[in-house]
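Here the structure comes first, spelled out in structure tokens, and everything after it is commentary.
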Amino acid sequence: MSSETKATYKAQSAAAKRRSIQKDEERQESRAAKQARKNQTRMVPVPSQSIVPERDVGKQPILECRNLGIDFGGLKAVDDFNMMIGRTEIAGLIGPNGAGKTTVFNLLTKVYQPTRGTILLDGVDTAGMDTAKVSKAGIARTFQNIRLFGSLTVEDNVRIGLHNQIKCGMWSGMLRLPRHWITEKEYHDKALELLDVFHMADNANDIAGSLPYGAQRRLEIVRALATNPKLLLLDEPAAGMNPSETAELMDTIKHIRDTFGIAILLIEHDMDLVMGICEGIAVLSFGKVIAKGTPYDIQNNPQVIEAYLGKQEDKGGE
Ligand SMILES: Nc1ncnc2c1ncn2[C@@H]1O[C@H](COP(=O)(O)OP(=O)(O)OP(=O)(O)O)[C@@H](O)[C@H]1O
Ligand SMILES: [Mg+2]
């Protein structure tokens, strides 16, 4: 065999090898995609043009928004917002910057009163409630920018969340009656139990502000959970986290839903996190819902892709 033929033969067999590796990878990928679809919760259509997990069908939805809207001057920051969330659903609210996602959380928690529309929490109309009342009624949240009591200990931050549940009279506290010490122990035990869910019990005496960023984000979630919510709202919980912290957070969110049997509504820009754990997703753009569906539906919705990436002609026909 001439050296030229040898070289051609070598190149051909290398190309064949590459093709076979590529095919293997494609096969594996489609197997993984099929498995992911199989693992996805079966979602069932319900009113409000929504879908809820099959296991929650026939039960009172934890949240229903009907034609919700708020105007800031001439800006319709949220308009005609309809959404239903199942009792144990992990739902996602996504959309480009400024779409109105945080404003929806502010409406649900009564930081803002809606200009129009209705919010039903576990079947109860929240009209006229203030932030304290909706917290008691069962909505807890975390914020886009961390809001902890940085100079207090980790345990004290959680105990603040517990305040609406454990009761101790003013006189018991002032006079240090036995009831006061029983309550103190209840607070301490409950705070440590919750911190343990996030493997943070050992940090109980640390100053909250001195914790690493990821741990502060987790502490915010623990504090929100301490209010014993039926619906937990998380505003960009993975912001600023590294990939391994985000992966851990994803497991923790599922763990919270499974352990506490509550619903979670998540705003997040990290698409791996959203597509990995959300069962139903709503997409906001300029204050309006432009799509609802399973992660698979959303990923393949041209309107969603356009909202995130812009139209081809917007980019000068690239
Ligand atoms: N209190 C307010 N007064 C006036 N305009 C507001 C107010 N709060 C929000 N907005 C406007 O409403 C729109 C939606 O804001 P919002 O913070 O809800 O967006 P977002 O989807 O959370 O964005 P991001 O992904 O950047 O956090 C923006 O145009 C914002 O400037
Ligand atoms: Mg926001």
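Every chain in the structure tokens takes a letter, A first, then B, and so on in the order presented; its residues are numbered from 1, and the ligands are numbered from 1 following the presented order.
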At most 8 Å from ligand 2 (only C-alpha atoms and all ligand atoms): residue list as a ChimeraX atom specification: /A:97-98,100-103,144,235-236,267
How close does each residue of region 8-102 of chain A get to region 125-135 of chain A, giving the shortest atom pair and distance in Å to one decimal for every residue with an atom at most 12 Å away, counting only C-alpha atoms, sorted by chain and residue number, as a tab-separated table?
```
residue	atom	partner	partner_atom	distance
A:Ile62	CA	A:Asp125	CA	11.6
A:Leu63	CA	A:Asp125	CA	10.0
A:Glu64	CA	A:Asp125	CA	9.4
A:Cys65	CA	A:Asp125	CA	9.8
A:Arg66	CA	A:Asp125	CA	10.7
A:Leu68	CA	A:Ala127	CA	11.6
```
Please produce an output containing C-alpha atoms for each residue in the selection, written as a compact mmCIF listing (two decimals), in the first residue's frame.
```
# COMPACT_ATOMS: atom_id res chain seq x y z
CA ILE A 62 -53.84 26.79 46.11
CA LEU A 63 -53.80 29.91 43.96
CA GLU A 64 -56.05 31.31 41.30
CA CYS A 65 -55.51 34.70 39.68
CA ARG A 66 -58.32 36.06 37.54
CA LEU A 68 -55.16 40.42 37.58
```
Among region 39-230 of chain A, which ones does DSSP place in alpha helix (DSSP H), written as a PyMOL selection string? chain A and resi 39+101-108+131-137+154-162+170-174+178-197+213-225
Give me the chain A side of the contact with ligand 1, cut-off 12 Å, one line per residue showing its nearest atom pair and distance in Å at one decimal, counting only C-alpha atoms and all ligand atoms, sorted by chain and residue number, as JSON lines.
```
{"residue": "A:Gly69", "atom": "CA", "partner": "ligand 1", "partner_atom_place_in_ligand_line": "12 (O)", "distance": 11.3}
{"residue": "A:Ile70", "atom": "CA", "partner": "ligand 1", "partner_atom_place_in_ligand_line": "12 (O)", "distance": 9.1}
{"residue": "A:Asp71", "atom": "CA", "partner": "ligand 1", "partner_atom_place_in_ligand_line": "5 (N)", "distance": 8.2}
{"residue": "A:Phe72", "atom": "CA", "partner": "ligand 1", "partner_atom_place_in_ligand_line": "4 (C)", "distance": 5.0}
{"residue": "A:Gly73", "atom": "CA", "partner": "ligand 1", "partner_atom_place_in_ligand_line": "4 (C)", "distance": 7.5}
{"residue": "A:Gly74", "atom": "CA", "partner": "ligand 1", "partner_atom_place_in_ligand_line": "4 (C)", "distance": 9.5}
{"residue": "A:Leu75", "atom": "CA", "partner": "ligand 1", "partner_atom_place_in_ligand_line": "5 (N)", "distance": 7.3}
{"residue": "A:Lys76", "atom": "CA", "partner": "ligand 1", "partner_atom_place_in_ligand_line": "12 (O)", "distance": 7.7}
{"residue": "A:Ala77", "atom": "CA", "partner": "ligand 1", "partner_atom_place_in_ligand_line": "12 (O)", "distance": 4.5}
{"residue": "A:Val78", "atom": "CA", "partner": "ligand 1", "partner_atom_place_in_ligand_line": "14 (C)", "distance": 7.4}
{"residue": "A:Asp79", "atom": "CA", "partner": "ligand 1", "partner_atom_place_in_ligand_line": "14 (C)", "distance": 10.9}
{"residue": "A:Leu93", "atom": "CA", "partner": "ligand 1", "partner_atom_place_in_ligand_line": "21 (O)", "distance": 9.1}
{"residue": "A:Ile94", "atom": "CA", "partner": "ligand 1", "partner_atom_place_in_ligand_line": "21 (O)", "distance": 7.7}
{"residue": "A:Gly95", "atom": "CA", "partner": "ligand 1", "partner_atom_place_in_ligand_line": "21 (O)", "distance": 6.3}
{"residue": "A:Pro96", "atom": "CA", "partner": "ligand 1", "partner_atom_place_in_ligand_line": "25 (O)", "distance": 5.8}
{"residue": "A:Asn97", "atom": "CA", "partner": "ligand 1", "partner_atom_place_in_ligand_line": "26 (O)", "distance": 3.6}
{"residue": "A:Gly98", "atom": "CA", "partner": "ligand 1", "partner_atom_place_in_ligand_line": "19 (O)", "distance": 3.4}
{"residue": "A:Ala99", "atom": "CA", "partner": "ligand 1", "partner_atom_place_in_ligand_line": "21 (O)", "distance": 3.8}
{"residue": "A:Gly100", "atom": "CA", "partner": "ligand 1", "partner_atom_place_in_ligand_line": "18 (O)", "distance": 3.2}
{"residue": "A:Lys101", "atom": "CA", "partner": "ligand 1", "partner_atom_place_in_ligand_line": "21 (O)", "distance": 3.8}
{"residue": "A:Thr102", "atom": "CA", "partner": "ligand 1", "partner_atom_place_in_ligand_line": "22 (O)", "distance": 3.7}
{"residue": "A:Thr103", "atom": "CA", "partner": "ligand 1", "partner_atom_place_in_ligand_line": "18 (O)", "distance": 3.7}
{"residue": "A:Val104", "atom": "CA", "partner": "ligand 1", "partner_atom_place_in_ligand_line": "18 (O)", "distance": 6.6}
{"residue": "A:Phe105", "atom": "CA", "partner": "ligand 1", "partner_atom_place_in_ligand_line": "18 (O)", "distance": 8.1}
{"residue": "A:Asn106", "atom": "CA", "partner": "ligand 1", "partner_atom_place_in_ligand_line": "18 (O)", "distance": 8.2}
{"residue": "A:Leu107", "atom": "CA", "partner": "ligand 1", "partner_atom_place_in_ligand_line": "18 (O)", "distance": 9.9}
{"residue": "A:Val111", "atom": "CA", "partner": "ligand 1", "partner_atom_place_in_ligand_line": "1 (N)", "distance": 9.6}
{"residue": "A:Tyr112", "atom": "CA", "partner": "ligand 1", "partner_atom_place_in_ligand_line": "1 (N)", "distance": 8.2}
{"residue": "A:Gln113", "atom": "CA", "partner": "ligand 1", "partner_atom_place_in_ligand_line": "1 (N)", "distance": 11.2}
{"residue": "A:Phe143", "atom": "CA", "partner": "ligand 1", "partner_atom_place_in_ligand_line": "27 (O)", "distance": 10.2}
{"residue": "A:Gln144", "atom": "CA", "partner": "ligand 1", "partner_atom_place_in_ligand_line": "27 (O)", "distance": 7.1}
{"residue": "A:Asn145", "atom": "CA", "partner": "ligand 1", "partner_atom_place_in_ligand_line": "27 (O)", "distance": 9.7}
{"residue": "A:Leu234", "atom": "CA", "partner": "ligand 1", "partner_atom_place_in_ligand_line": "22 (O)", "distance": 11.7}
{"residue": "A:Asp235", "atom": "CA", "partner": "ligand 1", "partner_atom_place_in_ligand_line": "22 (O)", "distance": 8.2}
{"residue": "A:Glu236", "atom": "CA", "partner": "ligand 1", "partner_atom_place_in_ligand_line": "27 (O)", "distance": 8.1}
{"residue": "A:Pro237", "atom": "CA", "partner": "ligand 1", "partner_atom_place_in_ligand_line": "27 (O)", "distance": 11.7}
{"residue": "A:Ala239", "atom": "CA", "partner": "ligand 1", "partner_atom_place_in_ligand_line": "27 (O)", "distance": 10.5}
{"residue": "A:Leu266", "atom": "CA", "partner": "ligand 1", "partner_atom_place_in_ligand_line": "22 (O)", "distance": 11.6}
{"residue": "A:Ile267", "atom": "CA", "partner": "ligand 1", "partner_atom_place_in_ligand_line": "22 (O)", "distance": 8.1}
{"residue": "A:Glu268", "atom": "CA", "partner": "ligand 1", "partner_atom_place_in_ligand_line": "25 (O)", "distance": 8.0}
{"residue": "A:His269", "atom": "CA", "partner": "ligand 1", "partner_atom_place_in_ligand_line": "25 (O)", "distance": 7.4}
{"residue": "A:Asp270", "atom": "CA", "partner": "ligand 1", "partner_atom_place_in_ligand_line": "25 (O)", "distance": 11.1}
{"residue": "A:Val283", "atom": "CA", "partner": "ligand 1", "partner_atom_place_in_ligand_line": "21 (O)", "distance": 10.0}
{"residue": "A:Leu284", "atom": "CA", "partner": "ligand 1", "partner_atom_place_in_ligand_line": "21 (O)", "distance": 7.6}
{"residue": "A:Ser285", "atom": "CA", "partner": "ligand 1", "partner_atom_place_in_ligand_line": "21 (O)", "distance": 8.1}
{"residue": "A:Phe286", "atom": "CA", "partner": "ligand 1", "partner_atom_place_in_ligand_line": "14 (C)", "distance": 7.6}
{"residue": "A:Gly287", "atom": "CA", "partner": "ligand 1", "partner_atom_place_in_ligand_line": "14 (C)", "distance": 6.9}
{"residue": "A:Lys288", "atom": "CA", "partner": "ligand 1", "partner_atom_place_in_ligand_line": "14 (C)", "distance": 10.6}
{"residue": "A:Val289", "atom": "CA", "partner": "ligand 1", "partner_atom_place_in_ligand_line": "21 (O)", "distance": 11.6}
{"residue": "A:Tyr308", "atom": "CA", "partner": "ligand 1", "partner_atom_place_in_ligand_line": "25 (O)", "distance": 11.5}
```
Filtering to N, CA and C atoms, could you give me those residues as a compact mmCIF listing (two decimals), in the first residue's frame?
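The result, stored in part_1.txt:
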```
# COMPACT_ATOMS: atom_id res chain seq x y z
N GLY A 69 -54.35 42.69 37.32
CA GLY A 69 -53.58 43.72 36.63
C GLY A 69 -53.22 44.86 37.55
N ILE A 70 -52.12 45.55 37.20
CA ILE A 70 -51.75 46.77 37.93
C ILE A 70 -51.12 47.76 36.95
N ASP A 71 -51.49 49.02 37.11
CA ASP A 71 -50.93 50.08 36.26
C ASP A 71 -50.04 50.97 37.13
N PHE A 72 -48.91 51.35 36.59
CA PHE A 72 -48.09 52.39 37.22
C PHE A 72 -48.14 53.58 36.26
N GLY A 73 -48.96 54.59 36.56
CA GLY A 73 -49.18 55.68 35.60
C GLY A 73 -49.74 55.08 34.33
N GLY A 74 -49.07 55.33 33.22
CA GLY A 74 -49.57 54.81 31.93
C GLY A 74 -49.10 53.38 31.66
N LEU A 75 -48.23 52.84 32.51
CA LEU A 75 -47.65 51.51 32.22
C LEU A 75 -48.50 50.39 32.82
N LYS A 76 -48.98 49.49 31.96
CA LYS A 76 -49.68 48.30 32.44
C LYS A 76 -48.59 47.28 32.78
N ALA A 77 -48.09 47.33 34.02
CA ALA A 77 -46.96 46.46 34.39
C ALA A 77 -47.37 44.99 34.37
N VAL A 78 -48.62 44.71 34.79
CA VAL A 78 -49.20 43.36 34.68
C VAL A 78 -50.63 43.55 34.19
N ASP A 79 -51.02 42.72 33.22
CA ASP A 79 -52.36 42.90 32.65
C ASP A 79 -52.99 41.56 32.31
N LEU A 93 -42.54 31.00 36.81
CA LEU A 93 -42.96 32.24 36.16
C LEU A 93 -41.70 32.82 35.54
N ILE A 94 -41.65 32.83 34.22
CA ILE A 94 -40.42 33.29 33.57
C ILE A 94 -40.75 34.42 32.59
N GLY A 95 -39.72 35.05 32.09
CA GLY A 95 -39.91 36.13 31.12
C GLY A 95 -38.69 37.03 31.14
N PRO A 96 -38.53 37.83 30.09
CA PRO A 96 -37.37 38.71 30.01
C PRO A 96 -37.36 39.75 31.14
N ASN A 97 -36.25 40.46 31.31
CA ASN A 97 -36.15 41.51 32.33
C ASN A 97 -37.25 42.55 32.12
N GLY A 98 -37.86 42.95 33.23
CA GLY A 98 -38.89 43.99 33.17
C GLY A 98 -40.25 43.48 32.70
N ALA A 99 -40.41 42.16 32.59
CA ALA A 99 -41.66 41.59 32.06
C ALA A 99 -42.82 41.74 33.05
N GLY A 100 -42.51 41.87 34.35
CA GLY A 100 -43.58 42.03 35.35
C GLY A 100 -43.62 40.90 36.37
N LYS A 101 -42.60 40.06 36.39
CA LYS A 101 -42.61 38.87 37.26
C LYS A 101 -42.63 39.25 38.75
N THR A 102 -41.68 40.11 39.15
CA THR A 102 -41.63 40.52 40.57
C THR A 102 -42.90 41.28 40.94
N THR A 103 -43.45 42.03 39.98
CA THR A 103 -44.69 42.76 40.25
C THR A 103 -45.82 41.78 40.58
N VAL A 104 -45.85 40.62 39.90
CA VAL A 104 -46.87 39.60 40.23
C VAL A 104 -46.69 39.17 41.69
N PHE A 105 -45.46 38.92 42.12
CA PHE A 105 -45.22 38.54 43.52
C PHE A 105 -45.68 39.67 44.46
N ASN A 106 -45.40 40.92 44.06
CA ASN A 106 -45.80 42.05 44.90
C ASN A 106 -47.32 42.16 45.00
N LEU A 107 -48.01 41.74 43.93
CA LEU A 107 -49.48 41.74 43.98
C LEU A 107 -49.97 40.60 44.87
N VAL A 111 -47.89 43.78 48.57
CA VAL A 111 -47.00 44.95 48.60
C VAL A 111 -47.67 46.03 47.75
N TYR A 112 -48.28 45.59 46.64
CA TYR A 112 -49.14 46.47 45.83
C TYR A 112 -50.55 45.91 45.84
N GLN A 113 -51.54 46.81 45.88
CA GLN A 113 -52.92 46.39 45.70
C GLN A 113 -53.19 46.38 44.19
N PHE A 143 -36.99 37.38 48.39
CA PHE A 143 -36.86 38.57 47.54
C PHE A 143 -35.73 38.41 46.53
N GLN A 144 -35.87 39.19 45.43
CA GLN A 144 -34.87 39.15 44.38
C GLN A 144 -33.50 39.56 44.95
N ASN A 145 -33.51 40.61 45.81
CA ASN A 145 -32.28 40.99 46.52
C ASN A 145 -32.44 40.52 47.95
N LEU A 234 -40.63 32.13 45.34
CA LEU A 234 -39.17 32.31 45.33
C LEU A 234 -38.79 33.20 44.15
N ASP A 235 -38.23 34.39 44.45
CA ASP A 235 -37.87 35.32 43.37
C ASP A 235 -36.37 35.18 43.07
N GLU A 236 -36.08 34.51 41.99
CA GLU A 236 -34.71 34.27 41.52
C GLU A 236 -33.81 33.68 42.61
N PRO A 237 -34.20 32.52 43.16
CA PRO A 237 -33.41 31.95 44.25
C PRO A 237 -31.99 31.55 43.85
N ALA A 239 -30.06 33.23 41.76
CA ALA A 239 -29.25 34.36 41.30
C ALA A 239 -27.94 34.41 42.07
N LEU A 266 -41.96 29.83 41.31
CA LEU A 266 -40.56 30.18 41.18
C LEU A 266 -40.35 31.15 40.03
N ILE A 267 -39.70 32.29 40.31
CA ILE A 267 -39.24 33.16 39.22
C ILE A 267 -37.77 32.84 39.06
N GLU A 268 -37.34 32.61 37.84
CA GLU A 268 -35.92 32.27 37.69
C GLU A 268 -35.48 32.50 36.25
N HIS A 269 -34.23 32.99 36.11
CA HIS A 269 -33.67 33.14 34.77
C HIS A 269 -32.83 31.93 34.38
N ASP A 270 -32.45 31.10 35.38
CA ASP A 270 -31.64 29.92 35.08
C ASP A 270 -32.54 28.84 34.48
N VAL A 283 -45.26 32.17 30.95
CA VAL A 283 -44.25 33.10 30.44
C VAL A 283 -44.87 34.49 30.31
N LEU A 284 -44.22 35.46 30.93
CA LEU A 284 -44.69 36.85 30.87
C LEU A 284 -43.82 37.63 29.89
N SER A 285 -44.46 38.52 29.15
CA SER A 285 -43.71 39.44 28.30
C SER A 285 -44.49 40.74 28.27
N PHE A 286 -43.84 41.84 28.61
CA PHE A 286 -44.51 43.14 28.71
C PHE A 286 -45.81 43.05 29.52
N GLY A 287 -45.76 42.35 30.65
CA GLY A 287 -46.89 42.31 31.57
C GLY A 287 -47.99 41.32 31.23
N LYS A 288 -47.88 40.67 30.07
CA LYS A 288 -48.94 39.74 29.65
C LYS A 288 -48.41 38.32 29.56
N VAL A 289 -49.29 37.36 29.89
CA VAL A 289 -48.89 35.95 29.73
C VAL A 289 -48.94 35.62 28.24
N TYR A 308 -37.68 35.96 24.14
CA TYR A 308 -36.36 35.95 24.76
C TYR A 308 -35.26 36.42 23.82
```
To test your reading of the structure, identify every residue in region 69-315 of chain A that backbone DSSP assigns to strand (DSSP E), and report it as a PyMOL selection string. chain A and resi 69-72+75-85+90-94+116-121+124-125+139-141+231-235+263-267+280-285+288-293
Please write the residues from the selection above to a file, keeping C-alpha atoms, as a PDB file, in the first residue's frame.
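Final output, again01.pdb:
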```pdb
ATOM      1  CA  GLY A  69     -53.578  43.715  36.631  1.00  0.00           C
ATOM      2  CA  ILE A  70     -51.747  46.774  37.931  1.00  0.00           C
ATOM      3  CA  ASP A  71     -50.931  50.081  36.263  1.00  0.00           C
ATOM      4  CA  PHE A  72     -48.087  52.391  37.219  1.00  0.00           C
ATOM      5  CA  LEU A  75     -47.653  51.506  32.222  1.00  0.00           C
ATOM      6  CA  LYS A  76     -49.676  48.300  32.443  1.00  0.00           C
ATOM      7  CA  ALA A  77     -46.959  46.460  34.393  1.00  0.00           C
ATOM      8  CA  VAL A  78     -49.196  43.356  34.684  1.00  0.00           C
ATOM      9  CA  ASP A  79     -52.357  42.905  32.647  1.00  0.00           C
ATOM     10  CA  ASP A  80     -55.012  40.221  32.333  1.00  0.00           C
ATOM     11  CA  PHE A  81     -52.929  37.764  34.367  1.00  0.00           C
ATOM     12  CA  ASN A  82     -54.670  34.403  34.776  1.00  0.00           C
ATOM     13  CA  MET A  83     -53.032  31.500  36.529  1.00  0.00           C
ATOM     14  CA  MET A  84     -53.998  28.470  38.564  1.00  0.00           C
ATOM     15  CA  ILE A  85     -51.524  26.551  40.727  1.00  0.00           C
ATOM     16  CA  ILE A  90     -43.810  23.463  41.502  1.00  0.00           C
ATOM     17  CA  ALA A  91     -44.722  26.203  39.039  1.00  0.00           C
ATOM     18  CA  GLY A  92     -42.494  28.619  37.169  1.00  0.00           C
ATOM     19  CA  LEU A  93     -42.961  32.237  36.158  1.00  0.00           C
ATOM     20  CA  ILE A  94     -40.423  33.293  33.569  1.00  0.00           C
ATOM     21  CA  ARG A 116     -58.048  45.114  38.751  1.00  0.00           C
ATOM     22  CA  GLY A 117     -58.702  41.394  39.051  1.00  0.00           C
ATOM     23  CA  THR A 118     -59.018  38.768  41.775  1.00  0.00           C
ATOM     24  CA  ILE A 119     -56.576  36.633  43.753  1.00  0.00           C
ATOM     25  CA  LEU A 120     -57.978  33.528  45.426  1.00  0.00           C
ATOM     26  CA  LEU A 121     -55.698  31.860  47.972  1.00  0.00           C
ATOM     27  CA  VAL A 124     -60.404  32.683  49.691  1.00  0.00           C
ATOM     28  CA  ASP A 125     -60.508  36.111  48.024  1.00  0.00           C
ATOM     29  CA  ILE A 139     -48.191  32.977  51.310  1.00  0.00           C
ATOM     30  CA  ALA A 140     -44.476  33.359  52.045  1.00  0.00           C
ATOM     31  CA  ARG A 141     -41.812  34.793  49.776  1.00  0.00           C
ATOM     32  CA  LEU A 231     -47.587  28.671  48.854  1.00  0.00           C
ATOM     33  CA  LEU A 232     -43.917  29.627  48.745  1.00  0.00           C
ATOM     34  CA  LEU A 233     -42.848  32.320  46.272  1.00  0.00           C
ATOM     35  CA  LEU A 234     -39.173  32.312  45.330  1.00  0.00           C
ATOM     36  CA  ASP A 235     -37.867  35.318  43.373  1.00  0.00           C
ATOM     37  CA  ALA A 263     -46.927  24.605  46.320  1.00  0.00           C
ATOM     38  CA  ILE A 264     -43.974  26.631  45.081  1.00  0.00           C
ATOM     39  CA  LEU A 265     -43.987  29.403  42.491  1.00  0.00           C
ATOM     40  CA  LEU A 266     -40.557  30.184  41.184  1.00  0.00           C
ATOM     41  CA  ILE A 267     -39.240  33.155  39.224  1.00  0.00           C
ATOM     42  CA  GLY A 280     -46.221  24.070  34.822  1.00  0.00           C
ATOM     43  CA  ILE A 281     -44.693  27.280  33.503  1.00  0.00           C
ATOM     44  CA  ALA A 282     -46.197  30.669  32.594  1.00  0.00           C
ATOM     45  CA  VAL A 283     -44.249  33.101  30.439  1.00  0.00           C
ATOM     46  CA  LEU A 284     -44.686  36.848  30.866  1.00  0.00           C
ATOM     47  CA  SER A 285     -43.705  39.440  28.304  1.00  0.00           C
ATOM     48  CA  LYS A 288     -48.943  39.737  29.649  1.00  0.00           C
ATOM     49  CA  VAL A 289     -48.892  35.950  29.730  1.00  0.00           C
ATOM     50  CA  ILE A 290     -47.795  34.863  26.266  1.00  0.00           C
ATOM     51  CA  ALA A 291     -47.557  31.119  26.925  1.00  0.00           C
ATOM     52  CA  LYS A 292     -48.401  28.462  29.486  1.00  0.00           C
ATOM     53  CA  GLY A 293     -47.493  24.796  29.495  1.00  0.00           C
TER      54      GLY A 293
END
```
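For the pair CA of Gly240 (chain A) and CA of Asn157 (chain A), the interatomic distance is 21.1 Å.
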What lies within 12 Å of Arg218 (chain A) using only C-alpha atoms, ignoring chain neighbours under 2 positions off, as number ranges by chain? A: 142-143, 146-148, 154, 157-158, 194-200, 203, 208, 211-216, 220-225, 234, 236-239, 241, 245-246, 248-250, 252-253, 256
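Coordinates place CA of Val57 (chain A) at a distance of 22.3 Å from CA of Val274 (chain A).
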Closest to Thr41 (chain A) among A:Glu89, A:Glu279, A:Asp122, A:Asp297, using only C-alpha atoms? A:Glu279
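CA of Cys278 (chain A) is positioned 12.0 Å from CA of Arg42 (chain A).
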